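Below is one structure, written out as structure tokens, with a few remarks after it.
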Amino acid sequence: MTFDSPLTDVKGVGAEMAKKFAIIGLASVHDLIEYFPRRYDDYSLILPINRIKPGVVTIKAVIKQAKGRYVRRGMHLTEAVVSDDTGSVRLIWFNQPYRANALKADTEYYISGDFQLSHQRLSIMNPSAEMASSFPINTARIVPIYRETKGLKSAQIRKVLREAMQLIVASEETLPKWIISEHKLISRSQAVAEMHFPSSPESLEEAKRRLGFEEVFGLTLAALMNKHELMQEQTIAIPFTEKLAKDFVAALPFTLTDAQRKTVWQIYQDLEKTQPMNRLVEGDVGSGKTVVATMAALMAIKQGFQVALMAPTELLARQHAETIYDLLTPVNMQNSVSLLIGGLKPAQKKEAQAKIKTGEIKFIVGTHALIAEKVDMHKLGLIIVDEQHRFGVEERKKLLTKAGHAVHVLNMTATPIPRSLALTLYGEMDISVIDTKPEGRKSIITKIASPNSRKQLYEKIETELAGGRQMFVVTPLISDSEFLPVRSAEEVYEDLSKKVFKKWRVGLLHGKMKPDEKDAVMQQFMRHELNILVSTTVIEVGVNVPNATVMLVENAERFGLAQIHQLRGRVGRSDQQGYAYLMLGDSSEPSRRLRALESSSDGFKLAEIDLEIRGPGAIYGTMQHGQLDLRIAKLTDVKLIAQARKTAQDFIDKEEKLLNYKQLYKRVQRLRAVTNLN
């Protein structure tokens, strides 16, 4: 049996069980060994019977007797009595008729389970029992709990892993010796063995430290190699024209914040180099990223280059195009802007494509349609990708091949990412942060509301609507669900339009509508033909309706912290006060993350809290997080991340040959493909 052997080569795994393993994504012995537990139950403290208290317990005792019987309507009960030198205790199993015959009388066992009250007597319920003479897997130790599937429980996974123990122990080392000794790391084989069969809480922590270090090290190494490769590429330097920048800023109807000025200056310095820019601009909600992107585009257009801006939705692309048109009007560049989206009429599309080809249009704003074959962007100098995590790696590659040469890339995101996480996930990018809001913007007032205060809340909202303002209402579902006790968009729409706010115009927007239907409803709301818009989270990112001042989130406990922060960023986008009301599904105590939203409007601070509560998947999305292979590294462990990142740089500085470390080479190559934006 080798690492590449199919699971059926492992003793105890037949064709049926292999199918169940396939459901959780495991096909080979290597997959199994790398399938780490999601949590642990600690049964390592072995107590004498006279000292056990209700709760999870482990004892070492001799089976005195065991018998099974049917009690009612097919319910089977197995009872056993076990003793040690200090006393006896009863064990009970439900619906495990094989138990009585499997237990050997007068034999010593480790027994782990929940000691609780059952029919006025304390018993250990449904325990695991293993002979004391053999290596315990399910008892008398820290027991790993895995992600399971129907018909495949953690106990079976542990049993199969036990059969593969020889291979685990023989695992090759994946890191250079100098790294292991410098950071006092345990060996790879020891770490993997401890993850599956921990010998103590301390050794389990050491295993997590070793494997977490390796994850961040590999990811950083991949990013640094990508960055190094990018630095070898040549692109066109775009010089800075001071007069143009000054004229543009002087004509703005607002003052740039210091954070915006600093970011723009960093971008201008990048553009003047012949190495392609690869910068990520992280801005909090409503921090003014569009004007920064427009200032970057100014210089490229001035030199006769084309700029492509890709937004995640047609609605946002349309909005960006309108904003940019207005921003460029004072410097007489507005006619170089054009929208190119799937929703255009064929004639409009043809005209736009022709003007792009001749170079008459310099600033192209669109969605994935920009990747369509018919667009010839021969003089592309700068690509701006809005909400960069919404685009796949493939889509970015296609845009770059359109230009036929390396291009400056500016990525923008309104999802504030904690610095430790950003550096780990986007190690190959330079990062700029816009963390201050434009002057005159008031902080949004956020309040948690319970269903019994709904009437008073509606009265407050009525006052806002009467003052000519508008409101968003966001729900977690489109239609009613028999499984989830939450208010759907359709139900709320009916309730508000026919009862509560029947004198106001109410609209409905959700993901199942066709793009042009969605657009039409959104345009109505923007033109103030609707007072209230009931919607699902399709309005999460970027929609700009300055007159909307109220955001009501129904069943707020169903949303993530970052998601609600994005949603409330849709209101308070003018000098008017914005309000966000987080309506709970019932009157129970609000969660920590909802209380955090009530007390803070700092997206970066909230992202730190979200990372702490829910882990990196919450911020980066589960799919990419899985691909990035961060399963063990705690991204809140700033010290570990700093050490692993520095070591990756040392590895490059020492000119180590990656090919000398076969497993590390494979992993880094895979991660380079995932993280590489160019």
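Identifiers in the structure tokens: chain A, B, ... in order shown; residue index from 1 per chain; ligand index from 1 in order shown.
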- Which residues in segment 463-649 of chain A does DSSP call strand (DSSP E or B)? List them as a list of chain:residue names.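 Strand (DSSP E or B) assignments inside segment 463-649 of chain A correspond to A:Gln470, A:Met471, A:Phe472, A:Val473, A:Val474, A:Leu477, A:Ser488, A:Val506, A:Gly507, A:Leu508, A:Leu509, A:Ile532, A:Leu533, A:Val534, A:Ser535, A:Ala548, A:Thr549, A:Val550, A:Met551, A:Leu552, A:Val553, A:Tyr579, A:Ala580, A:Tyr581, A:Leu582, A:Met583.
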- Item | Contacts of segment 519-521 of chain A within 9 Å, only C-alpha atoms, excl. fewer than 6 positions in-chain, as a list in words |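 Here the qualifying residues turn out to be Glu314, Leu315, Gly507, Leu508, Leu509, Leu530 and Leu533 of chain A.
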- Compare A:Gly113, A:Gly218, A:Pro485, A:Pro476 by their minimum atom-to-atom distance to Ala633 of chain A, counting only C-alpha atoms, and give me the closest one. A:Gly218
- Please give the complete set of residues from segment 269-351 of chain A that DSSP, run on the backbone, assigns to helix (DSSP H, G or I), formatted as a VMD selection string. chain A and resid 269 to 271 289 to 302 314 to 331 334 to 336 346 to 351
- Suppose you want the space between atom CA of Glu589 of chain A and atom CA of Ala556 of chain A; what is it in Å?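 Atom CA of Ala556 of chain A lies 12.4 Å from atom CA of Glu589 of chain A.
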- Polymer residues at most 9 Å from segment 198-215 of chain A, only C-alpha atoms, same-chain spacing of 2 or more positions, as a ChimeraX atom specification: /A:42,44,141-144,174-175,180,184-188,190-196,217-220,628-634,640-641,643-644
Would you save the residues of that selection, restricted to C-alpha atoms, as a PDB file, in the first residue's frame?
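As a result, selection.pdb now contains:
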```pdb
ATOM      1  CA  ASP A  42     -11.230  14.975  25.159  1.00  0.00           C
ATOM      2  CA  SER A  44      -8.067  11.398  28.003  1.00  0.00           C
ATOM      3  CA  ARG A 141      -7.651   9.728  24.626  1.00  0.00           C
ATOM      4  CA  ILE A 142      -8.313  12.988  22.789  1.00  0.00           C
ATOM      5  CA  VAL A 143     -10.711  11.708  20.105  1.00  0.00           C
ATOM      6  CA  PRO A 144     -10.832  13.390  16.663  1.00  0.00           C
ATOM      7  CA  THR A 174       8.352  18.445   3.266  1.00  0.00           C
ATOM      8  CA  LEU A 175      10.330  21.378   4.715  1.00  0.00           C
ATOM      9  CA  ILE A 180      12.489  22.944  11.105  1.00  0.00           C
ATOM     10  CA  LYS A 184      11.558  24.328  16.548  1.00  0.00           C
ATOM     11  CA  LEU A 185       8.924  22.509  14.494  1.00  0.00           C
ATOM     12  CA  ILE A 186       8.078  18.825  14.911  1.00  0.00           C
ATOM     13  CA  SER A 187       8.478  16.540  11.872  1.00  0.00           C
ATOM     14  CA  ARG A 188       5.743  16.299   9.250  1.00  0.00           C
ATOM     15  CA  GLN A 190       4.772  13.298  13.768  1.00  0.00           C
ATOM     16  CA  ALA A 191       2.456  16.272  13.150  1.00  0.00           C
ATOM     17  CA  VAL A 192       0.081  14.260  10.919  1.00  0.00           C
ATOM     18  CA  ALA A 193       0.020  11.344  13.403  1.00  0.00           C
ATOM     19  CA  GLU A 194      -0.750  13.743  16.276  1.00  0.00           C
ATOM     20  CA  MET A 195      -3.570  15.410  14.302  1.00  0.00           C
ATOM     21  CA  HIS A 196      -5.337  12.047  13.932  1.00  0.00           C
ATOM     22  CA  PHE A 217       4.767  29.306   4.229  1.00  0.00           C
ATOM     23  CA  GLY A 218       3.648  27.514   1.034  1.00  0.00           C
ATOM     24  CA  LEU A 219       1.027  30.133   0.201  1.00  0.00           C
ATOM     25  CA  THR A 220       3.457  33.012   0.734  1.00  0.00           C
ATOM     26  CA  LEU A 628      -5.911  28.067  -0.795  1.00  0.00           C
ATOM     27  CA  ASP A 629      -5.491  25.119   1.526  1.00  0.00           C
ATOM     28  CA  LEU A 630      -5.754  27.033   4.797  1.00  0.00           C
ATOM     29  CA  ARG A 631      -7.292  24.314   6.929  1.00  0.00           C
ATOM     30  CA  ILE A 632      -5.215  24.495  10.087  1.00  0.00           C
ATOM     31  CA  ALA A 633      -3.499  27.887  10.167  1.00  0.00           C
ATOM     32  CA  LYS A 634      -5.347  30.226  12.479  1.00  0.00           C
ATOM     33  CA  LEU A 640       2.854  32.462  13.256  1.00  0.00           C
ATOM     34  CA  ILE A 641       1.903  34.277  10.034  1.00  0.00           C
ATOM     35  CA  GLN A 643       7.280  33.951  10.997  1.00  0.00           C
ATOM     36  CA  ALA A 644       6.047  31.862   8.051  1.00  0.00           C
TER      37      ALA A 644
END
```
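As for atom CA of Glu233 of chain A and atom CA of Met277 of chain A, they are spaced 10.6 Å apart.
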- Could you give me, as number ranges by chain, the residues within 8 Å of Leu552 of chain A, counting only C-alpha atoms and dropping anything in the same chain fewer than 3 positions from it? A: 471-474, 580-583
- Item | Residue with smallest distance to Gln576 of chain A - pool A:Ile445, A:Ala170, A:Ala27, A:Leu664, counting only C-alpha atoms |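 When distances to Gln576 of chain A are compared using only C-alpha atoms, the smallest one comes from A:Ile445.
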Within 8 Å of Phe3 of chain A, counting only C-alpha atoms, which residues qualify if same-chain residues fewer than 4 places away don't, as an mmCIF file with N, CA and C atoms, in the first residue's frame?
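Result went into selection.cif, see below:
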```cif
data_model
loop_
_atom_site.group_PDB
_atom_site.id
_atom_site.type_symbol
_atom_site.label_atom_id
_atom_site.label_comp_id
_atom_site.auth_asym_id
_atom_site.auth_seq_id
_atom_site.Cartn_x
_atom_site.Cartn_y
_atom_site.Cartn_z
ATOM 1 N N SER A 28 -8.020 8.442 -2.466
ATOM 2 C CA SER A 28 -6.761 7.716 -2.264
ATOM 3 C C SER A 28 -6.367 7.709 -0.789
ATOM 4 N N VAL A 29 -5.352 6.899 -0.476
ATOM 5 C CA VAL A 29 -4.835 6.837 0.900
ATOM 6 C C VAL A 29 -4.292 8.217 1.298
ATOM 7 N N HIS A 30 -3.669 8.906 0.326
ATOM 8 C CA HIS A 30 -3.133 10.253 0.595
ATOM 9 C C HIS A 30 -4.264 11.213 0.997
ATOM 10 N N LEU A 167 1.928 4.106 7.117
ATOM 11 C CA LEU A 167 2.241 5.092 6.075
ATOM 12 C C LEU A 167 2.380 6.491 6.666
#
```
For segment 124-138 of chain A, work out the shell of residues within 9 Å, counting only C-alpha atoms and skipping chain neighbours fewer than 6 positions away, then give it as a PDB file with N, CA and C atoms, in the first residue's frame.
```pdb
ATOM      1  N   TYR A  43     -11.342  12.661  25.906  1.00  0.00           N
ATOM      2  CA  TYR A  43     -11.676  11.557  26.822  1.00  0.00           C
ATOM      3  C   TYR A  43     -10.413  11.050  27.515  1.00  0.00           C
ATOM      4  N   PRO A  54     -21.573  13.802  36.478  1.00  0.00           N
ATOM      5  CA  PRO A  54     -22.315  13.922  35.212  1.00  0.00           C
ATOM      6  C   PRO A  54     -21.546  14.758  34.178  1.00  0.00           C
ATOM      7  N   VAL A  56     -19.117  14.302  30.243  1.00  0.00           N
ATOM      8  CA  VAL A  56     -18.323  13.369  29.440  1.00  0.00           C
ATOM      9  C   VAL A  56     -17.247  12.733  30.335  1.00  0.00           C
ATOM     10  N   VAL A  57     -17.217  11.385  30.376  1.00  0.00           N
ATOM     11  CA  VAL A  57     -16.280  10.696  31.278  1.00  0.00           C
ATOM     12  C   VAL A  57     -15.557   9.552  30.566  1.00  0.00           C
ATOM     13  N   LYS A  60     -11.758   3.011  33.285  1.00  0.00           N
ATOM     14  CA  LYS A  60     -11.111   1.758  32.891  1.00  0.00           C
ATOM     15  C   LYS A  60     -11.714   0.713  33.818  1.00  0.00           C
ATOM     16  N   ALA A  61     -12.530  -0.205  33.275  1.00  0.00           N
ATOM     17  CA  ALA A  61     -13.297  -1.103  34.149  1.00  0.00           C
ATOM     18  C   ALA A  61     -13.523  -2.451  33.475  1.00  0.00           C
ATOM     19  N   VAL A  89     -20.887   0.800  37.681  1.00  0.00           N
ATOM     20  CA  VAL A  89     -21.765   1.759  36.998  1.00  0.00           C
ATOM     21  C   VAL A  89     -22.457   1.046  35.832  1.00  0.00           C
ATOM     22  N   ARG A  90     -23.651   1.539  35.484  1.00  0.00           N
ATOM     23  CA  ARG A  90     -24.434   0.932  34.413  1.00  0.00           C
ATOM     24  C   ARG A  90     -24.122   1.630  33.074  1.00  0.00           C
ATOM     25  N   LEU A  91     -24.047   0.839  31.995  1.00  0.00           N
ATOM     26  CA  LEU A  91     -23.873   1.388  30.640  1.00  0.00           C
ATOM     27  C   LEU A  91     -25.155   1.081  29.860  1.00  0.00           C
ATOM     28  N   ILE A  92     -25.595   2.020  29.017  1.00  0.00           N
ATOM     29  CA  ILE A  92     -26.809   1.795  28.213  1.00  0.00           C
ATOM     30  C   ILE A  92     -26.536   2.173  26.755  1.00  0.00           C
ATOM     31  N   TRP A  93     -26.954   1.265  25.833  1.00  0.00           N
ATOM     32  CA  TRP A  93     -26.895   1.577  24.398  1.00  0.00           C
ATOM     33  C   TRP A  93     -28.286   1.419  23.793  1.00  0.00           C
ATOM     34  N   PHE A  94     -28.688   2.341  22.947  1.00  0.00           N
ATOM     35  CA  PHE A  94     -29.965   2.220  22.236  1.00  0.00           C
ATOM     36  C   PHE A  94     -29.708   1.735  20.819  1.00  0.00           C
ATOM     37  N   GLN A  96     -28.396  -0.813  19.358  1.00  0.00           N
ATOM     38  CA  GLN A  96     -27.113  -1.412  18.949  1.00  0.00           C
ATOM     39  C   GLN A  96     -27.126  -2.872  19.415  1.00  0.00           C
ATOM     40  N   LEU A 103     -19.222  -7.623  23.671  1.00  0.00           N
ATOM     41  CA  LEU A 103     -18.493  -7.352  24.927  1.00  0.00           C
ATOM     42  C   LEU A 103     -18.118  -8.662  25.619  1.00  0.00           C
ATOM     43  N   THR A 107     -13.460  -8.927  31.183  1.00  0.00           N
ATOM     44  CA  THR A 107     -12.356  -8.334  30.425  1.00  0.00           C
ATOM     45  C   THR A 107     -12.334  -6.833  30.700  1.00  0.00           C
ATOM     46  N   GLU A 108     -11.109  -6.281  30.766  1.00  0.00           N
ATOM     47  CA  GLU A 108     -10.978  -4.857  31.090  1.00  0.00           C
ATOM     48  C   GLU A 108     -11.103  -4.006  29.814  1.00  0.00           C
ATOM     49  N   TYR A 109     -11.917  -2.948  29.913  1.00  0.00           N
ATOM     50  CA  TYR A 109     -12.176  -2.041  28.779  1.00  0.00           C
ATOM     51  C   TYR A 109     -11.949  -0.585  29.179  1.00  0.00           C
ATOM     52  N   TYR A 110     -11.613   0.218  28.166  1.00  0.00           N
ATOM     53  CA  TYR A 110     -11.727   1.674  28.326  1.00  0.00           C
ATOM     54  C   TYR A 110     -13.134   2.034  27.861  1.00  0.00           C
ATOM     55  N   ILE A 111     -13.844   2.843  28.637  1.00  0.00           N
ATOM     56  CA  ILE A 111     -15.219   3.212  28.289  1.00  0.00           C
ATOM     57  C   ILE A 111     -15.337   4.732  28.351  1.00  0.00           C
ATOM     58  N   SER A 112     -15.775   5.355  27.236  1.00  0.00           N
ATOM     59  CA  SER A 112     -15.937   6.815  27.191  1.00  0.00           C
ATOM     60  C   SER A 112     -17.336   7.161  26.714  1.00  0.00           C
ATOM     61  N   GLY A 113     -17.993   8.066  27.442  1.00  0.00           N
ATOM     62  CA  GLY A 113     -19.335   8.475  27.030  1.00  0.00           C
ATOM     63  C   GLY A 113     -19.904   9.522  27.967  1.00  0.00           C
ATOM     64  N   ASP A 114     -21.206   9.782  27.813  1.00  0.00           N
ATOM     65  CA  ASP A 114     -21.862  10.824  28.599  1.00  0.00           C
ATOM     66  C   ASP A 114     -22.541  10.201  29.824  1.00  0.00           C
ATOM     67  N   PHE A 115     -22.086  10.593  31.009  1.00  0.00           N
ATOM     68  CA  PHE A 115     -22.632  10.083  32.278  1.00  0.00           C
ATOM     69  C   PHE A 115     -23.805  10.990  32.647  1.00  0.00           C
ATOM     70  N   GLN A 116     -25.044  10.446  32.536  1.00  0.00           N
ATOM     71  CA  GLN A 116     -26.212  11.301  32.756  1.00  0.00           C
ATOM     72  C   GLN A 116     -27.378  10.528  33.372  1.00  0.00           C
ATOM     73  N   LEU A 117     -28.411  11.276  33.739  1.00  0.00           N
ATOM     74  CA  LEU A 117     -29.584  10.689  34.395  1.00  0.00           C
ATOM     75  C   LEU A 117     -30.497  10.047  33.353  1.00  0.00           C
ATOM     76  N   SER A 118     -30.853   8.766  33.585  1.00  0.00           N
ATOM     77  CA  SER A 118     -31.786   8.079  32.686  1.00  0.00           C
ATOM     78  C   SER A 118     -32.714   7.224  33.553  1.00  0.00           C
ATOM     79  N   PRO A 144     -10.528  12.473  17.770  1.00  0.00           N
ATOM     80  CA  PRO A 144     -10.832  13.390  16.663  1.00  0.00           C
ATOM     81  C   PRO A 144     -12.247  13.185  16.104  1.00  0.00           C
ATOM     82  N   ALA A 155     -16.044   7.337  13.973  1.00  0.00           N
ATOM     83  CA  ALA A 155     -15.442   6.106  14.517  1.00  0.00           C
ATOM     84  C   ALA A 155     -14.902   5.222  13.378  1.00  0.00           C
ATOM     85  N   ARG A 158     -11.767   6.862  11.891  1.00  0.00           N
ATOM     86  CA  ARG A 158     -10.619   6.633  12.784  1.00  0.00           C
ATOM     87  C   ARG A 158     -10.066   5.220  12.618  1.00  0.00           C
ATOM     88  N   LYS A 159     -10.972   4.261  12.476  1.00  0.00           N
ATOM     89  CA  LYS A 159     -10.563   2.855  12.350  1.00  0.00           C
ATOM     90  C   LYS A 159      -9.733   2.651  11.071  1.00  0.00           C
ATOM     91  N   ARG A 162      -6.347   4.196  11.394  1.00  0.00           N
ATOM     92  CA  ARG A 162      -5.478   3.358  12.222  1.00  0.00           C
ATOM     93  C   ARG A 162      -4.760   2.325  11.355  1.00  0.00           C
ATOM     94  N   PHE A 197      -4.322  11.136  15.945  1.00  0.00           N
ATOM     95  CA  PHE A 197      -4.326  10.408  17.226  1.00  0.00           C
ATOM     96  C   PHE A 197      -3.490  11.169  18.255  1.00  0.00           C
TER      97      PHE A 197
END
```
- Query: Taking only C-alpha atoms into account, which of A:Ser443, A:Ser287, A:Gln456, A:Thr475 comes nearest Asp575 of chain A?
  - Reply: A:Ser443
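Every protein or nucleic acid residue with an atom no more than 10 Å from Pro330 of chain A, counting only C-alpha atoms and leaving out same-chain residues fewer than 2 positions away, appears here: Asp247, Phe248, Val249, Ala250, Ala251, Leu252, Tyr325, Asp326, Leu327, Leu328, Asn332, Met333 and Gln334 of chain A.
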Can you write out the residues you just picked, keeping C-alpha atoms, as a PDB file, in the first residue's frame?
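Okay, this is what ended up in again.pdb:
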```pdb
ATOM      1  CA  ASP A 247      -7.313  70.327 -12.941  1.00  0.00           C
ATOM      2  CA  PHE A 248      -9.300  67.143 -12.239  1.00  0.00           C
ATOM      3  CA  VAL A 249      -9.081  67.539  -8.441  1.00  0.00           C
ATOM      4  CA  ALA A 250      -9.933  71.261  -8.588  1.00  0.00           C
ATOM      5  CA  ALA A 251     -13.162  70.488 -10.461  1.00  0.00           C
ATOM      6  CA  LEU A 252     -14.362  67.848  -7.986  1.00  0.00           C
ATOM      7  CA  TYR A 325     -18.813  60.210 -17.221  1.00  0.00           C
ATOM      8  CA  ASP A 326     -19.738  62.959 -14.722  1.00  0.00           C
ATOM      9  CA  LEU A 327     -16.266  62.946 -13.127  1.00  0.00           C
ATOM     10  CA  LEU A 328     -14.516  63.311 -16.508  1.00  0.00           C
ATOM     11  CA  ASN A 332     -13.484  67.300 -21.256  1.00  0.00           C
ATOM     12  CA  MET A 333     -12.785  63.558 -21.412  1.00  0.00           C
ATOM     13  CA  GLN A 334     -16.363  62.342 -20.926  1.00  0.00           C
TER      14      GLN A 334
END
```
- Would you mind reading off the distance between atom CA of Asn531 of chain A and atom CA of Gln470 of chain A, one decimal, in Å? 4.9 Å
Would you give me, as JSON lines, each residue of segment 432-507 of chain A having an atom within 12 Å of an atom of segment 591-595 of chain A, along with its shortest atom pair and that distance in Å to one decimal, using only C-alpha atoms and sorting by chain and residue number?
```
{"residue": "A:Thr446", "atom": "CA", "partner": "A:Arg595", "partner_atom": "CA", "distance": 9.6}
{"residue": "A:Lys447", "atom": "CA", "partner": "A:Arg595", "partner_atom": "CA", "distance": 8.9}
{"residue": "A:Ile448", "atom": "CA", "partner": "A:Leu594", "partner_atom": "CA", "distance": 7.5}
{"residue": "A:Ala449", "atom": "CA", "partner": "A:Leu594", "partner_atom": "CA", "distance": 10.7}
```
Save out the residues we just selected, C-alpha atoms, as a compact mmCIF listing (two decimals), in the first residue's frame.
```
# COMPACT_ATOMS: atom_id res chain seq x y z
CA THR A 446 -27.44 50.98 13.56
CA LYS A 447 -30.04 49.52 15.93
CA ILE A 448 -31.03 45.94 16.74
CA ALA A 449 -34.82 45.54 16.86
```
